[in-house]
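Shown here: coords_37.txt, compact mmCIF, C-alpha atoms.
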# COMPACT_ATOMS: atom_id res chain seq x y z
CA THR F 230 204.53 159.46 82.55
CA GLY F 231 207.96 158.26 82.68
CA PRO F 232 209.47 155.04 81.42
CA THR F 233 208.49 151.66 82.97
CA GLY F 234 210.91 150.51 85.52
CA SER F 235 212.51 147.06 85.67
CA THR F 236 210.61 144.07 87.06
CA GLY F 237 211.04 143.59 90.68
CA VAL F 238 212.10 140.43 92.53
CA THR F 239 209.40 137.68 92.79
CA GLY F 240 207.81 137.59 96.13
CA VAL F 241 207.57 134.63 98.48
CA THR F 242 204.87 132.02 97.61
CA GLY F 243 201.83 132.48 99.71
CA ASN F 244 199.94 129.79 101.68
CA THR F 245 197.58 127.39 99.85
CA GLY F 246 194.11 128.71 99.77
CA PRO F 247 191.00 126.82 100.86
CA ILE F 248 189.53 124.04 98.56
CA GLY F 249 187.10 125.46 96.17
CA SER F 250 183.60 124.10 95.50
CA THR F 251 183.13 121.08 93.11
CA GLY F 252 182.85 122.10 89.54
CA GLN F 253 180.18 120.98 87.03
CA THR F 254 180.32 117.43 85.52
CA GLY F 255 182.19 117.43 82.28
CA VAL F 256 180.95 116.09 78.94
CA THR F 257 181.03 112.19 78.54
CA GLY F 258 184.09 111.09 76.65
CA ASN F 259 184.17 108.72 73.62
CA THR F 260 183.85 104.92 74.23
CA GLY F 261 187.21 103.26 74.55
CA PRO F 262 188.34 100.28 72.40
CA THR F 263 186.92 96.75 73.08
CA GLY F 264 189.08 94.72 75.37
CA SER F 265 190.46 91.28 74.40
CA THR F 266 188.28 88.15 74.91
CA GLY F 267 188.65 86.61 78.29
CA VAL F 268 189.65 82.99 78.97
CA THR F 269 186.86 80.37 78.48
CA GLY F 270 185.46 79.25 81.73
CA VAL F 271 185.47 75.63 82.96
CA THR F 272 182.62 73.40 81.62
CA GLY F 273 179.99 72.80 84.21
CA ASN F 274 178.85 69.34 85.34
CA THR F 275 176.05 67.55 83.42
CA GLY F 276 172.73 67.99 85.03
CA PRO F 277 170.64 65.00 86.17
CA THR F 278 168.39 63.18 83.63
CA GLY F 279 164.85 64.30 83.73
CA ALA F 280 162.01 61.92 84.57
CA THR F 281 160.36 59.93 81.70
CA GLY F 282 157.16 61.46 80.54
CA VAL F 283 153.84 59.66 80.71
CA THR F 284 152.94 57.49 77.65
CA GLY F 285 150.19 58.99 75.62
CA VAL F 286 146.87 57.28 75.09
CA THR F 287 146.65 54.96 72.02
CA GLY F 288 144.30 56.28 69.40
CA ASN F 289 141.26 54.34 68.23
CA THR F 290 141.52 52.06 65.16
CA GLY F 291 139.91 53.60 62.15
CA PRO F 292 137.00 51.88 60.43
CA THR F 293 137.68 49.26 57.70
CA GLY F 294 137.10 50.54 54.20
CA SER F 295 134.43 48.99 52.06
CA THR F 296 135.35 46.31 49.49
CA GLY F 297 135.64 47.55 45.94
CA VAL F 298 133.44 46.29 43.12
CA THR F 299 134.66 43.14 41.31
CA GLY F 300 135.63 43.76 37.71
CA VAL F 301 133.88 42.13 34.78
CA THR F 302 135.30 38.76 33.66
CA GLY F 303 136.83 38.88 30.20
CA VAL F 304 135.61 36.84 27.26
CA THR F 305 137.27 33.44 26.77
CA GLY F 306 139.54 33.35 23.74
CA VAL F 307 139.07 31.06 20.77
CA THR F 308 140.80 27.66 20.99
CA GLY F 309 143.73 27.41 18.61
CA ALA F 310 144.07 24.75 15.93
CA THR F 311 145.79 21.49 16.82
CA GLY F 312 149.39 21.40 15.66
CA THR F 313 150.92 18.66 13.57
CA ALA F 314 152.44 15.73 15.42
CA GLY F 315 156.14 16.15 16.04
CA ASN F 316 158.91 13.58 15.84
CA ASN F 317 159.32 11.37 18.84
CA GLY F 318 163.10 11.50 18.65
CA SER F 319 165.79 10.39 16.26
CA THR F 320 168.11 7.52 15.49
CA LEU F 321 171.62 7.45 13.97
CA VAL F 322 172.12 5.37 10.82
CA THR F 323 175.72 4.52 9.93
CA GLY F 324 176.28 4.29 6.18
CA THR F 325 178.45 1.74 4.39
CA ALA F 326 182.10 2.87 4.31
CA ALA F 327 183.65 3.46 0.88
CA THR F 328 187.41 2.79 0.62
CA SER F 329 189.82 3.76 -2.16
CA GLY F 330 192.16 1.26 -3.78
CA PHE F 331 195.77 0.93 -2.57
CA SER F 332 198.11 3.87 -3.34
CA PRO F 333 195.35 5.96 -4.98
CA ALA F 334 196.36 8.57 -7.57
CA ALA F 335 195.62 12.26 -6.88
CA ALA F 336 191.95 13.36 -7.24
CA THR F 337 190.54 9.90 -6.52
CA GLN F 338 186.92 10.30 -5.32
CA ILE F 339 184.97 7.85 -3.16
CA THR F 340 181.31 8.16 -2.02
CA SER F 341 179.33 6.71 0.88
CA THR F 342 175.59 6.96 1.63
CA ALA F 343 173.47 6.42 4.75
CA THR F 344 169.74 5.81 4.23
CA CYS F 345 166.85 5.98 6.72
CA ALA F 346 164.57 2.96 7.17
CA ALA F 347 161.27 2.87 5.29
CA GLY F 348 158.71 5.39 6.60
CA LYS F 349 161.38 7.47 8.37
CA VAL F 350 162.50 11.01 7.47
CA LEU F 351 166.07 12.34 7.24
CA LEU F 352 166.73 15.02 9.88
CA GLY F 353 170.44 15.62 9.24
CA GLY F 354 173.75 13.91 8.64
CA GLY F 355 177.52 14.10 8.39
CA ALA F 356 180.63 12.16 7.40
CA LYS F 357 184.02 10.90 8.62
CA ILE F 358 187.29 10.34 6.73
CA THR F 359 190.01 7.91 7.85
CA ALA F 360 193.28 6.89 6.19
CA THR F 361 195.96 4.24 6.78
CA ALA F 362 198.58 6.99 6.22
CA GLN F 363 198.97 10.54 4.85
CA ILE F 364 195.47 11.68 5.96
CA GLU F 365 196.55 15.28 5.37
CA LYS F 366 196.21 14.55 1.63
CA THR F 367 192.47 13.76 2.01
CA GLN F 368 189.48 16.04 2.37
CA LEU F 369 185.69 15.90 2.45
CA LEU F 370 184.52 17.11 -0.94
CA GLN F 371 180.73 16.95 -0.32
CA SER F 372 178.39 16.12 2.58
CA TYR F 373 174.69 16.73 1.85
CA PRO F 374 171.14 15.31 1.90
CA SER F 375 170.69 13.70 -1.52
CA SER F 376 166.99 12.89 -0.83
CA THR F 377 164.49 13.12 2.05
CA THR F 378 165.83 9.79 3.35
CA THR F 379 169.54 9.66 2.31
CA TRP F 380 172.73 11.49 3.33
CA THR F 381 175.63 11.39 0.83
CA ALA F 382 179.32 12.08 1.50
CA THR F 383 182.18 12.23 -1.02
CA ALA F 384 185.91 12.36 -0.18
CA ILE F 385 188.89 13.14 -2.42
CA ASN F 386 192.68 13.02 -2.10
CA SER F 387 194.57 16.15 -3.15
CA ALA F 388 197.78 14.21 -3.93
CA ALA F 389 198.73 10.61 -4.58
CA ILE F 390 198.90 8.46 -1.45
CA SER F 391 201.96 6.31 -1.79
CA GLY F 392 203.13 3.28 0.14
CA GLY F 393 201.82 0.08 -1.37
CA THR F 394 198.82 -0.76 0.85
CA ASN F 395 197.89 2.81 1.95
CA ASN F 396 194.36 4.04 1.18
CA PHE F 397 191.56 6.29 2.58
CA THR F 398 187.91 5.74 3.57
CA VAL F 399 184.77 7.94 3.80
CA GLN F 400 181.67 6.98 5.81
CA ALA F 401 178.31 8.83 5.78
CA PHE F 402 175.97 9.11 8.78
CA ALA F 403 172.23 9.92 8.71
CA ILE F 404 170.08 11.19 11.58
CA CYS F 405 166.58 9.81 10.98
CA SER F 406 163.22 10.27 12.72
CA LEU F 407 161.89 7.45 14.87
What do you get writing this file as structure tokens?
Amino acid sequence: TGPTGSTGVTGVTGNTGPIGSTGQTGVTGNTGPTGSTGVTGVTGNTGPTGATGVTGVTGNTGPTGSTGVTGVTGVTGVTGATGTAGNNGSTLVTGTAATSGFSPAAATQITSTATCAAGKVLLGGGAKITATAQIEKTQLLQSYPSSTTTWTATAINSAAISGGTNNFTVQAFAICSL
């Protein structure tokens, strides 16, 4: 056979043919992406209040429990011994004041005592110092119970008290039973 000739000119397009029959249903495609959330809807009106329910029947009162057994009474304790009679109070006894001479030299000592009345007992005591001048040079040297009925106080001056008529005084006080 001889060589193939050149392609001829394209012919005129023919008329559209009749519609063919429907083809078979294709395979289901993949699920598409989820769409965005829609706008929230308007809140609905509140519904009417429901009717009140019927009150239930009150239950019966339970029976009273029985009374428990009374415990045994304990034994009475032994009566204690009677204590000694206490003091019915106290009284203050002011002792006689002791006063130094005028312008006393340093280390001058003076003593005062306060004594309870007969039949009374010393409970405590104390003392007081006074001076006509220069009290800072005086001090209480001793203040103590010298017996069961007497309180004793002794004062001393640490330096001479000058000034002609200047001096110092100590006075003891006793607290005695009534």
Counting all atoms listed in the file, what are the residues of stretch 236-337 of chain F within 12 Å of stretch 368-378 of chain F, and for each of them which pair of atoms is the nearest and at what distance in Å, to one decimal? Sort the table by chain and rising number, as JSON lines.
{"residue": "F:Val322", "atom": "CA", "partner": "F:Thr378", "partner_atom": "CA", "distance": 10.7}
{"residue": "F:Ala335", "atom": "CA", "partner": "F:Gln368", "partner_atom": "CA", "distance": 11.7}
{"residue": "F:Ala336", "atom": "CA", "partner": "F:Gln368", "partner_atom": "CA", "distance": 10.3}
{"residue": "F:Thr337", "atom": "CA", "partner": "F:Gln368", "partner_atom": "CA", "distance": 10.9}
- Could you state the separation of atom CA of F:Ile358 and atom CA of F:Ala384 in Å, given to one decimal place? 7.3 Å
- What is the atom CA of F:Gly354 to atom CA of F:Pro333 distance in Å? 26.7 Å
- Query: In Å to one decimal, how far is atom CA of F:Ile364 from atom CA of F:Trp380?
  - Reply: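 So the answer is 22.9 Å.
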- With distances taken over all atoms listed in the file, which of F:Gly330, F:Gly279, F:Gly249, F:Gly318 is nearest to F:Thr394?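 Of F:Gly330, F:Gly279, F:Gly249, F:Gly318, the one nearest F:Thr394, counting all atoms listed in the file, is F:Gly330.
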- Task: May I have the residues within 8 Å of F:Cys345 as a ChimeraX atom specification, using only C-alpha atoms and disregarding those fewer than 6 positions away in the same chain?
- Result: /F:322,351,378-379,403-405
- Nearby residues, (197.7, 1.4, 8.6) file frame, 12 Å, only C-alpha atoms, as a list of chain:residue names: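 Every residue inside that radius is included here: F:Phe331, F:Thr359, F:Ala360, F:Thr361, F:Ala362, F:Gln363, F:Ile364, F:Gly392, F:Gly393, F:Thr394, F:Asn395, F:Asn396, F:Phe397, F:Thr398.
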- Query: From the list F:Thr287, F:Thr236, F:Gln400, F:Thr263, which residue is nearest F:Ala327 when using only C-alpha atoms?
  - Reply: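 That would be F:Gln400, the residue with the smallest distance to F:Ala327.
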Output stretch 260-285 of chain F as a compact mmCIF listing (two decimals), keeping the file's coordinate frame, making sure N, CA and C atoms are there.
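Writing done, so here's part_11.txt:
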# COMPACT_ATOMS: atom_id res chain seq x y z
N THR F 260 183.69 106.29 73.72
CA THR F 260 183.85 104.92 74.23
C THR F 260 185.23 104.44 73.85
N GLY F 261 185.86 103.79 74.79
CA GLY F 261 187.21 103.26 74.55
C GLY F 261 187.16 101.99 73.69
N PRO F 262 188.29 101.48 73.24
CA PRO F 262 188.34 100.28 72.40
C PRO F 262 187.91 99.04 73.19
N THR F 263 187.36 97.99 72.45
CA THR F 263 186.92 96.75 73.08
C THR F 263 188.13 96.01 73.60
N GLY F 264 187.99 95.48 74.78
CA GLY F 264 189.08 94.72 75.37
C GLY F 264 189.18 93.34 74.76
N SER F 265 190.27 92.63 74.97
CA SER F 265 190.46 91.28 74.40
C SER F 265 189.52 90.30 75.10
N THR F 266 189.20 89.16 74.37
CA THR F 266 188.28 88.15 74.91
C THR F 266 188.94 87.47 76.09
N GLY F 267 188.14 87.24 77.08
CA GLY F 267 188.65 86.61 78.29
C GLY F 267 188.80 85.11 78.11
N VAL F 268 189.42 84.42 79.00
CA VAL F 268 189.65 82.99 78.97
C VAL F 268 188.31 82.28 79.15
N THR F 269 188.11 81.15 78.37
CA THR F 269 186.86 80.37 78.48
C THR F 269 186.80 79.74 79.85
N GLY F 270 185.63 79.81 80.40
CA GLY F 270 185.46 79.25 81.73
C GLY F 270 185.39 77.73 81.71
N VAL F 271 185.50 77.07 82.82
CA VAL F 271 185.47 75.63 82.96
C VAL F 271 184.05 75.14 82.68
N THR F 272 183.93 73.97 81.93
CA THR F 272 182.62 73.40 81.62
C THR F 272 181.97 72.91 82.90
N GLY F 273 180.71 73.21 83.01
CA GLY F 273 179.99 72.80 84.21
C GLY F 273 179.62 71.33 84.16
N ASN F 274 179.25 70.74 85.26
CA ASN F 274 178.85 69.34 85.34
C ASN F 274 177.52 69.14 84.63
N THR F 275 177.31 67.88 84.08
CA THR F 275 176.05 67.55 83.42
C THR F 275 174.97 67.47 84.46
N GLY F 276 173.85 68.01 84.10
CA GLY F 276 172.73 67.99 85.03
C GLY F 276 172.09 66.61 85.07
N PRO F 277 171.29 66.32 86.05
CA PRO F 277 170.64 65.00 86.17
C PRO F 277 169.62 64.81 85.06
N THR F 278 169.38 63.52 84.65
CA THR F 278 168.39 63.18 83.63
C THR F 278 167.01 63.44 84.18
N GLY F 279 166.21 64.01 83.31
CA GLY F 279 164.85 64.30 83.73
C GLY F 279 164.00 63.03 83.77
N ALA F 280 162.91 63.07 84.44
CA ALA F 280 162.01 61.92 84.57
C ALA F 280 161.34 61.64 83.22
N THR F 281 161.04 60.33 82.93
CA THR F 281 160.36 59.93 81.70
C THR F 281 158.93 60.43 81.74
N GLY F 282 158.52 60.95 80.62
CA GLY F 282 157.16 61.46 80.54
C GLY F 282 156.15 60.33 80.49
N VAL F 283 154.93 60.63 80.72
CA VAL F 283 153.84 59.66 80.71
C VAL F 283 153.52 59.28 79.26
N THR F 284 153.30 57.96 78.99
CA THR F 284 152.94 57.49 77.65
C THR F 284 151.56 58.00 77.30
N GLY F 285 151.48 58.46 76.06
CA GLY F 285 150.19 58.99 75.62
C GLY F 285 149.18 57.88 75.39
